[in-house]
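Visitor: Provided below: model.tsv, containing TSV, C-alpha atoms.
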chain	number	residue	atom	x	y	z
K	1	MET	CA	2.43	1.43	34.17
K	2	ARG	CA	0.91	-2.04	34.61
K	3	GLN	CA	4.10	-3.77	33.46
K	4	LEU	CA	6.22	-1.60	35.76
K	5	LEU	CA	4.08	-2.68	38.70
K	6	GLN	CA	4.29	-6.31	37.54
K	7	LEU	CA	8.07	-6.11	37.36
K	8	PHE	CA	8.29	-4.48	40.78
K	9	TRP	CA	5.93	-7.02	42.36
K	10	ILE	CA	7.60	-10.08	40.79
K	11	PHE	CA	11.04	-9.03	41.96
K	12	PHE	CA	9.72	-7.83	45.33
K	13	LYS	CA	8.28	-11.32	45.97
K	14	ILE	CA	11.49	-12.97	44.82
K	15	GLY	CA	13.60	-10.64	46.98
K	16	ALA	CA	11.37	-11.19	50.01
K	17	LEU	CA	11.02	-14.95	49.80
K	18	THR	CA	14.39	-16.17	48.58
K	19	PHE	CA	17.06	-17.03	51.13
K	20	GLY	CA	20.68	-17.60	50.25
K	21	SER	CA	22.58	-15.90	47.50
K	22	GLY	CA	21.53	-14.34	44.24
K	23	TYR	CA	22.01	-17.76	42.67
K	24	ALA	CA	19.13	-19.04	44.78
K	25	MET	CA	16.88	-16.50	43.04
K	26	ILE	CA	17.73	-17.58	39.50
K	27	SER	CA	15.39	-20.57	39.23
K	28	ILE	CA	12.54	-18.48	40.65
K	29	ILE	CA	13.28	-15.62	38.25
K	30	GLU	CA	13.36	-18.11	35.40
K	31	ASN	CA	10.00	-19.54	36.42
K	32	GLU	CA	8.45	-16.07	36.52
K	33	VAL	CA	9.88	-14.59	33.32
K	34	VAL	CA	10.02	-17.71	31.13
K	35	THR	CA	7.19	-19.97	32.30
K	36	ARG	CA	4.61	-17.58	33.72
K	37	LYS	CA	5.07	-14.28	31.87
K	38	HIS	CA	6.73	-15.55	28.66
K	39	TRP	CA	8.96	-12.47	28.49
K	40	PHE	CA	11.91	-14.74	27.53
K	41	ASP	CA	12.19	-18.13	25.91
K	42	ARG	CA	14.46	-20.55	27.81
K	43	GLU	CA	17.51	-20.16	25.56
K	44	ASP	CA	17.23	-16.37	25.56
K	45	PHE	CA	17.00	-16.43	29.36
K	46	ILE	CA	20.17	-18.57	29.55
K	47	ASP	CA	21.95	-16.02	27.32
K	48	HIS	CA	20.82	-13.16	29.55
K	49	LEU	CA	21.83	-15.16	32.63
K	50	THR	CA	25.30	-15.63	31.17
K	51	LEU	CA	25.50	-11.89	30.56
K	52	ALA	CA	24.24	-11.20	34.10
K	53	GLN	CA	26.94	-13.47	35.50
K	54	SER	CA	29.63	-11.78	33.42
K	55	ALA	CA	28.66	-8.22	34.38
K	56	PRO	CA	29.97	-6.69	37.62
K	57	GLY	CA	27.64	-6.95	40.60
K	58	PRO	CA	25.31	-9.54	42.08
K	59	ILE	CA	23.82	-11.92	39.52
K	60	ALA	CA	20.23	-11.56	40.80
K	61	LEU	CA	20.35	-7.78	40.51
K	62	ASN	CA	21.92	-8.00	37.06
K	63	ALA	CA	19.18	-10.44	36.03
K	64	ALA	CA	16.59	-8.00	37.39
K	65	VAL	CA	18.15	-5.15	35.42
K	66	PHE	CA	18.25	-7.13	32.17
K	67	THR	CA	14.72	-8.44	32.61
K	68	GLY	CA	13.27	-5.06	33.50
K	69	TYR	CA	15.10	-3.33	30.67
K	70	ARG	CA	13.92	-5.91	28.16
K	71	VAL	CA	10.30	-5.62	29.27
K	72	LYS	CA	9.99	-1.86	29.86
K	73	GLY	CA	13.29	-0.08	29.22
K	74	ILE	CA	15.06	1.97	31.88
K	75	GLY	CA	11.90	2.34	33.96
K	76	GLY	CA	11.48	-1.44	33.94
K	77	ALA	CA	15.09	-1.93	35.04
K	78	ALA	CA	14.57	0.53	37.90
K	79	ALA	CA	11.29	-1.10	38.98
K	80	SER	CA	12.88	-4.58	38.94
K	81	VAL	CA	15.94	-3.51	40.94
K	82	LEU	CA	13.83	-1.63	43.47
K	83	GLY	CA	11.57	-4.64	43.86
K	84	ALA	CA	14.51	-7.02	44.30
K	85	THR	CA	16.39	-4.88	46.84
K	86	LEU	CA	13.63	-3.30	48.92
K	87	PRO	CA	12.70	-6.46	50.87
K	88	SER	CA	16.31	-7.04	51.99
K	89	PHE	CA	16.66	-3.41	53.01
K	90	ILE	CA	13.43	-3.55	55.06
K	91	ILE	CA	14.34	-6.88	56.69
K	92	ILE	CA	17.86	-5.78	57.62
K	93	LEU	CA	16.55	-2.47	58.95
K	94	LEU	CA	14.00	-4.30	61.13
K	95	ILE	CA	16.61	-6.74	62.38
K	96	ALA	CA	19.01	-3.92	63.24
K	97	VAL	CA	16.31	-1.97	65.07
K	98	CYS	CA	14.33	-4.74	66.75
K	99	LEU	CA	16.41	-7.86	67.13
K	100	SER	CA	19.87	-7.20	68.48
K	101	ASP	CA	20.23	-10.84	69.56
K	102	PHE	CA	19.02	-12.17	66.21
K	103	ARG	CA	22.14	-14.21	65.44
K	104	ASN	CA	22.25	-15.85	68.87
K	105	ASN	CA	18.60	-16.88	68.85
K	106	ALA	CA	18.30	-20.69	68.88
K	107	TYR	CA	15.07	-20.64	66.86
K	108	VAL	CA	16.57	-18.42	64.18
K	109	ASN	CA	19.64	-20.68	63.95
K	110	ALA	CA	17.40	-23.74	63.69
K	111	ALA	CA	15.40	-22.12	60.88
K	112	PHE	CA	18.58	-21.23	58.98
K	113	ASN	CA	19.91	-24.77	59.41
K	114	GLY	CA	16.71	-26.04	57.82
K	115	LEU	CA	16.95	-23.49	55.00
K	116	ARG	CA	20.51	-24.41	53.95
K	117	PRO	CA	19.57	-27.58	52.00
K	118	CYS	CA	16.77	-25.69	50.24
K	119	VAL	CA	19.13	-22.88	49.29
K	120	LEU	CA	21.59	-25.43	47.92
K	121	ALA	CA	18.83	-26.85	45.71
K	122	LEU	CA	17.86	-23.38	44.50
K	123	ILE	CA	21.47	-22.74	43.53
K	124	ALA	CA	21.89	-26.16	41.89
K	125	VAL	CA	18.85	-25.88	39.59
K	126	PRO	CA	20.18	-23.10	37.34
K	127	CYS	CA	23.61	-24.76	37.31
K	128	VAL	CA	22.11	-28.03	36.10
K	129	ARG	CA	20.03	-26.19	33.49
K	130	LEU	CA	23.11	-24.38	32.25
K	131	VAL	CA	24.98	-27.68	31.90
K	132	MET	CA	22.02	-29.20	30.04
K	133	SER	CA	22.05	-26.25	27.61
K	134	LEU	CA	25.67	-26.87	26.58
K	135	LYS	CA	25.82	-27.91	22.93
K	136	GLY	CA	29.24	-29.43	22.42
K	137	TYR	CA	31.57	-31.78	24.23
K	138	TRP	CA	34.17	-29.03	24.35
K	139	GLN	CA	31.74	-26.86	26.33
K	140	ILE	CA	31.15	-29.61	28.89
K	141	LEU	CA	34.90	-30.23	29.15
K	142	LEU	CA	35.53	-26.51	29.58
K	143	ALA	CA	32.86	-26.31	32.30
K	144	VAL	CA	34.34	-29.24	34.23
K	145	ALA	CA	37.89	-27.88	33.87
K	146	SER	CA	36.76	-24.42	35.03
K	147	LEU	CA	34.98	-25.91	38.05
K	148	ALA	CA	38.09	-27.89	39.00
K	149	LEU	CA	40.38	-24.88	38.57
K	150	ILE	CA	38.20	-22.60	40.68
K	151	ALA	CA	37.54	-25.21	43.38
K	152	PHE	CA	41.05	-26.60	43.76
K	153	THR	CA	43.49	-23.89	42.70
K	154	GLY	CA	41.83	-20.63	43.64
K	155	ILE	CA	42.35	-19.22	40.14
K	156	SER	CA	40.34	-16.09	39.45
K	157	PRO	CA	36.97	-16.72	37.76
K	158	VAL	CA	37.61	-13.56	35.71
K	159	LEU	CA	40.62	-15.21	34.08
K	160	LEU	CA	38.52	-18.26	33.31
K	161	LEU	CA	35.78	-16.12	31.76
K	162	ILE	CA	38.34	-14.45	29.50
K	163	ALA	CA	39.94	-17.80	28.63
K	164	GLY	CA	36.53	-19.37	27.96
K	165	ALA	CA	35.54	-16.54	25.62
K	166	ALA	CA	38.88	-16.87	23.79
K	167	ILE	CA	38.53	-20.65	23.47
K	168	GLY	CA	34.96	-20.29	22.18
K	169	LEU	CA	36.06	-17.73	19.58
K	170	ILE	CA	39.02	-19.83	18.46
K	171	LEU	CA	37.00	-23.04	18.15
K	172	THR	CA	34.18	-21.25	16.34
K	173	CYS	CA	36.55	-19.49	13.93
K	174	PHE	CA	38.29	-22.75	13.05
K	175	GLY	CA	35.01	-24.66	12.63
K	176	ASN	CA	35.47	-27.10	15.50
K	177	SER	CA	32.37	-25.89	17.35
K	178	LYS	CA	28.75	-26.88	16.89
K	179	SER	CA	27.43	-23.78	18.65
What does the file become when written as structure tokens?

Guide:
Amino acid sequence: MRQLLQLFWIFFKIGALTFGSGYAMISIIENEVVTRKHWFDREDFIDHLTLAQSAPGPIALNAAVFTGYRVKGIGGAAASVLGATLPSFIIILLIAVCLSDFRNNAYVNAAFNGLRPCVLALIAVPCVRLVMSLKGYWQILLAVASLALIAFTGISPVLLLIAGAAIGLILTCFGNSKS
């Protein structure tokens, strides 16, 4: 029961205090589950993060599911997801009920303008860590090519995930990979 409460509380805090997208939560999740709780080592966390990114749904919720399941099975996954989603639900409910002019409020807009650079940094940290974890030149080249294709051509990231998996399998099977 103690670990279920820990999982709920960790993801509740992350859900309540992280602005931006699910990517903004990743570095905070990593700090909690790798550095503070030692539920994952860094490489294992990166593997789970890759899986969370590949699975359908928001990456932060997928990371919560995988973390909770690893720590305490299905109950842990449920506690983590509830903790991650409850703050947003409460905040949106309060905004809808109490603050009809929320978006037009100059103070709120000023706060969000100040948050944007911080959110960018929270998103960049896991990206940089992922790049630093790449083991071969072909992986770095594949990452750069994928970034360029998504940014400049609008190609579907799903196609790139499939192509990346195929390239990794081919290079590994023919011995050209160091991974």

Visitor: Would you mind telling me which residue in K:Val71, K:Leu120, K:Ile170, K:Leu4 lies nearest to K:Val33 when using all atoms listed in the file?

Guide: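 Result for the nearest residue to K:Val33: K:Val71.
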
Visitor: Report, in Å with one decimal, the straight-line distance from atom CA of K:Glu30 to atom CA of K:Ile140.

Guide: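 Distance reported for this atom pair: 22.2 Å.
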
Visitor: Check the smallest atom-to-atom distance from each of K:Leu161, K:Met25, K:Leu134, K:Ala16 to K:Leu51 using only C-alpha atoms, then report the winner.

Guide: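 Result for the nearest residue to K:Leu51: K:Leu161.
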
Visitor: Would you compute the distance between atom CA of K:Gly15 and atom CA of K:Ala79? Give it in Å to one decimal.

Guide: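 Straight-line distance from atom CA of K:Gly15 to atom CA of K:Ala79 works out to 12.7 Å.
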
Visitor: Closest to K:Tyr23 among K:Leu169, K:Ala52, K:Leu94, K:Met132, using only C-alpha atoms?

Guide: K:Ala52

Visitor: Around all listed atoms of stretch 15-26 of chain K, padded 4 Å per side, what centre and edge lengths does the axis-aligned box have in Å to one decimal, as lines of an AutoDock Vina configuration file?

Guide:
center_x = 16.8
center_y = -14.8
center_z = 45.3
size_x = 19.6
size_y = 16.4
size_z = 19.6

Visitor: Per residue of stretch 50-92 of chain K within 10 Å of stretch 8-12 of chain K, which atom pair is closest and at what distance in Å (one decimal), using all atoms listed in the file, listed by chain and increasing number, as a Markdown table?

Guide:
| residue | atom | partner | partner_atom | distance |
| --- | --- | --- | --- | --- |
| K:Ala60 | CA | K:Phe11 | CA | 9.6 |
| K:Leu61 | CA | K:Phe11 | CA | 9.5 |
| K:Ala64 | CA | K:Phe11 | CA | 7.3 |
| K:Gly68 | CA | K:Phe8 | CA | 8.8 |
| K:Gly76 | CA | K:Phe8 | CA | 8.1 |
| K:Ala77 | CA | K:Phe8 | CA | 9.3 |
| K:Ala78 | CA | K:Phe8 | CA | 8.5 |
| K:Ala79 | CA | K:Phe8 | CA | 4.9 |
| K:Ser80 | CA | K:Phe8 | CA | 4.9 |
| K:Val81 | CA | K:Phe11 | CA | 7.5 |
| K:Leu82 | CA | K:Phe8 | CA | 6.8 |
| K:Gly83 | CA | K:Phe12 | CA | 4.0 |
| K:Ala84 | CA | K:Phe11 | CA | 4.6 |
| K:Thr85 | CA | K:Phe12 | CA | 7.4 |
| K:Leu86 | CA | K:Phe12 | CA | 7.0 |
| K:Pro87 | CA | K:Phe12 | CA | 6.4 |
| K:Ser88 | CA | K:Phe12 | CA | 9.4 |

Visitor: Can you tell me which residues surround K:Trp138 at a distance of at most 12 Å, considering only C-alpha atoms, apart from same-chain residues fewer than 2 positions away, and format the answer as a list in words?

Guide: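 Using only C-alpha atoms, the neighbours found are Val131, Leu134, Lys135, Gly136, Ile140, Leu141, Leu142, Ala143, Val144, Ala145, Ser146, Gly164, Ile167, Gly168, Ile170, Leu171, Thr172, Asn176, Ser177, Lys178 and Ser179 of chain K.
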
Visitor: Which residue is closest to K:Phe112? Choose from K:Trp39, K:Pro58, K:Phe19, K:Ile28 and count all atoms listed in the file.

Guide: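 For K:Phe112, the nearest of the candidates is K:Phe19.
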
Visitor: Can you work out the spacing between atom CA of K:Asn62 and atom CA of K:Ile91 in Å, to one decimal?

Guide: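 Value for the atom CA of K:Asn62-atom CA of K:Ile91 distance: 21.1 Å.
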
Visitor: Where atoms are missing, can you supply N, CA, C and O atoms for stretch 95-120 of chain K and output the lot as a PDB file, in the coordinates of the input?

Guide:
ATOM      1  N   ILE K  95      15.726  -5.928  61.528  1.00  0.00           N
ATOM      2  CA  ILE K  95      16.610  -6.740  62.380  1.00  0.00           C
ATOM      3  C   ILE K  95      17.523  -5.823  63.197  1.00  0.00           C
ATOM      4  O   ILE K  95      17.695  -6.012  64.407  1.00  0.00           O
ATOM      5  N   ALA K  96      18.105  -4.828  62.538  1.00  0.00           N
ATOM      6  CA  ALA K  96      19.010  -3.920  63.240  1.00  0.00           C
ATOM      7  C   ALA K  96      18.297  -3.148  64.346  1.00  0.00           C
ATOM      8  O   ALA K  96      18.851  -2.923  65.417  1.00  0.00           O
ATOM      9  N   VAL K  97      17.054  -2.766  64.099  1.00  0.00           N
ATOM     10  CA  VAL K  97      16.310  -1.970  65.070  1.00  0.00           C
ATOM     11  C   VAL K  97      15.709  -2.833  66.177  1.00  0.00           C
ATOM     12  O   VAL K  97      15.760  -2.477  67.349  1.00  0.00           O
ATOM     13  N   CYS K  98      15.145  -3.976  65.799  1.00  0.00           N
ATOM     14  CA  CYS K  98      14.330  -4.740  66.750  1.00  0.00           C
ATOM     15  C   CYS K  98      15.005  -5.964  67.362  1.00  0.00           C
ATOM     16  O   CYS K  98      14.634  -6.387  68.450  1.00  0.00           O
ATOM     17  N   LEU K  99      15.916  -6.560  66.678  1.00  0.00           N
ATOM     18  CA  LEU K  99      16.410  -7.860  67.130  1.00  0.00           C
ATOM     19  C   LEU K  99      17.930  -7.876  67.278  1.00  0.00           C
ATOM     20  O   LEU K  99      18.648  -8.485  66.499  1.00  0.00           O
ATOM     21  N   SER K 100      18.428  -7.262  68.297  1.00  0.00           N
ATOM     22  CA  SER K 100      19.870  -7.200  68.480  1.00  0.00           C
ATOM     23  C   SER K 100      20.487  -8.570  68.743  1.00  0.00           C
ATOM     24  O   SER K 100      21.644  -8.808  68.415  1.00  0.00           O
ATOM     25  N   ASP K 101      19.717  -9.492  69.300  1.00  0.00           N
ATOM     26  CA  ASP K 101      20.230 -10.840  69.560  1.00  0.00           C
ATOM     27  C   ASP K 101      19.808 -11.835  68.486  1.00  0.00           C
ATOM     28  O   ASP K 101      19.771 -13.041  68.717  1.00  0.00           O
ATOM     29  N   PHE K 102      19.515 -11.348  67.321  1.00  0.00           N
ATOM     30  CA  PHE K 102      19.020 -12.170  66.210  1.00  0.00           C
ATOM     31  C   PHE K 102      19.924 -13.368  65.928  1.00  0.00           C
ATOM     32  O   PHE K 102      19.472 -14.500  65.808  1.00  0.00           O
ATOM     33  N   ARG K 103      21.209 -13.144  65.813  1.00  0.00           N
ATOM     34  CA  ARG K 103      22.140 -14.210  65.440  1.00  0.00           C
ATOM     35  C   ARG K 103      22.283 -15.262  66.528  1.00  0.00           C
ATOM     36  O   ARG K 103      22.548 -16.410  66.247  1.00  0.00           O
ATOM     37  N   ASN K 104      22.079 -14.902  67.772  1.00  0.00           N
ATOM     38  CA  ASN K 104      22.250 -15.850  68.870  1.00  0.00           C
ATOM     39  C   ASN K 104      20.949 -16.566  69.251  1.00  0.00           C
ATOM     40  O   ASN K 104      20.941 -17.373  70.173  1.00  0.00           O
ATOM     41  N   ASN K 105      19.890 -16.274  68.560  1.00  0.00           N
ATOM     42  CA  ASN K 105      18.600 -16.880  68.850  1.00  0.00           C
ATOM     43  C   ASN K 105      18.581 -18.329  68.342  1.00  0.00           C
ATOM     44  O   ASN K 105      18.813 -18.590  67.161  1.00  0.00           O
ATOM     45  N   ALA K 106      18.291 -19.269  69.235  1.00  0.00           N
ATOM     46  CA  ALA K 106      18.300 -20.690  68.880  1.00  0.00           C
ATOM     47  C   ALA K 106      17.267 -21.023  67.809  1.00  0.00           C
ATOM     48  O   ALA K 106      17.514 -21.849  66.924  1.00  0.00           O
ATOM     49  N   TYR K 107      16.118 -20.380  67.849  1.00  0.00           N
ATOM     50  CA  TYR K 107      15.070 -20.640  66.860  1.00  0.00           C
ATOM     51  C   TYR K 107      15.475 -20.132  65.473  1.00  0.00           C
ATOM     52  O   TYR K 107      15.231 -20.771  64.456  1.00  0.00           O
ATOM     53  N   VAL K 108      16.096 -18.979  65.450  1.00  0.00           N
ATOM     54  CA  VAL K 108      16.570 -18.420  64.180  1.00  0.00           C
ATOM     55  C   VAL K 108      17.655 -19.327  63.596  1.00  0.00           C
ATOM     56  O   VAL K 108      17.638 -19.644  62.404  1.00  0.00           O
ATOM     57  N   ASN K 109      18.592 -19.767  64.426  1.00  0.00           N
ATOM     58  CA  ASN K 109      19.640 -20.680  63.950  1.00  0.00           C
ATOM     59  C   ASN K 109      19.056 -21.986  63.449  1.00  0.00           C
ATOM     60  O   ASN K 109      19.496 -22.516  62.432  1.00  0.00           O
ATOM     61  N   ALA K 110      18.046 -22.498  64.140  1.00  0.00           N
ATOM     62  CA  ALA K 110      17.400 -23.740  63.690  1.00  0.00           C
ATOM     63  C   ALA K 110      16.712 -23.543  62.344  1.00  0.00           C
ATOM     64  O   ALA K 110      16.798 -24.403  61.460  1.00  0.00           O
ATOM     65  N   ALA K 111      16.055 -22.404  62.169  1.00  0.00           N
ATOM     66  CA  ALA K 111      15.400 -22.120  60.880  1.00  0.00           C
ATOM     67  C   ALA K 111      16.433 -22.022  59.768  1.00  0.00           C
ATOM     68  O   ALA K 111      16.232 -22.581  58.675  1.00  0.00           O
ATOM     69  N   PHE K 112      17.547 -21.345  60.013  1.00  0.00           N
ATOM     70  CA  PHE K 112      18.580 -21.230  58.980  1.00  0.00           C
ATOM     71  C   PHE K 112      19.217 -22.572  58.668  1.00  0.00           C
ATOM     72  O   PHE K 112      19.553 -22.851  57.509  1.00  0.00           O
ATOM     73  N   ASN K 113      19.382 -23.422  59.674  1.00  0.00           N
ATOM     74  CA  ASN K 113      19.910 -24.770  59.410  1.00  0.00           C
ATOM     75  C   ASN K 113      18.963 -25.559  58.515  1.00  0.00           C
ATOM     76  O   ASN K 113      19.403 -26.343  57.677  1.00  0.00           O
ATOM     77  N   GLY K 114      17.675 -25.372  58.689  1.00  0.00           N
ATOM     78  CA  GLY K 114      16.710 -26.040  57.820  1.00  0.00           C
ATOM     79  C   GLY K 114      16.660 -25.437  56.422  1.00  0.00           C
ATOM     80  O   GLY K 114      16.356 -26.128  55.450  1.00  0.00           O
ATOM     81  N   LEU K 115      16.971 -24.159  56.306  1.00  0.00           N
ATOM     82  CA  LEU K 115      16.950 -23.490  55.000  1.00  0.00           C
ATOM     83  C   LEU K 115      18.150 -23.846  54.125  1.00  0.00           C
ATOM     84  O   LEU K 115      18.044 -23.824  52.896  1.00  0.00           O
ATOM     85  N   ARG K 116      19.281 -24.173  54.725  1.00  0.00           N
ATOM     86  CA  ARG K 116      20.510 -24.410  53.950  1.00  0.00           C
ATOM     87  C   ARG K 116      20.333 -25.446  52.847  1.00  0.00           C
ATOM     88  O   ARG K 116      20.748 -25.191  51.709  1.00  0.00           O
ATOM     89  N   PRO K 117      19.738 -26.614  53.102  1.00  0.00           N
ATOM     90  CA  PRO K 117      19.570 -27.580  52.000  1.00  0.00           C
ATOM     91  C   PRO K 117      18.664 -27.042  50.885  1.00  0.00           C
ATOM     92  O   PRO K 117      18.903 -27.308  49.701  1.00  0.00           O
ATOM     93  N   CYS K 118      17.661 -26.273  51.248  1.00  0.00           N
ATOM     94  CA  CYS K 118      16.770 -25.690  50.240  1.00  0.00           C
ATOM     95  C   CYS K 118      17.511 -24.670  49.389  1.00  0.00           C
ATOM     96  O   CYS K 118      17.328 -24.613  48.167  1.00  0.00           O
ATOM     97  N   VAL K 119      18.347 -23.873  50.021  1.00  0.00           N
ATOM     98  CA  VAL K 119      19.130 -22.880  49.290  1.00  0.00           C
ATOM     99  C   VAL K 119      20.093 -23.590  48.330  1.00  0.00           C
ATOM    100  O   VAL K 119      20.245 -23.183  47.180  1.00  0.00           O
ATOM    101  N   LEU K 120      20.697 -24.665  48.780  1.00  0.00           N
ATOM    102  CA  LEU K 120      21.590 -25.430  47.920  1.00  0.00           C
ATOM    103  C   LEU K 120      20.844 -25.914  46.671  1.00  0.00           C
ATOM    104  O   LEU K 120      21.350 -25.820  45.551  1.00  0.00           O
TER     105      LEU K 120
END
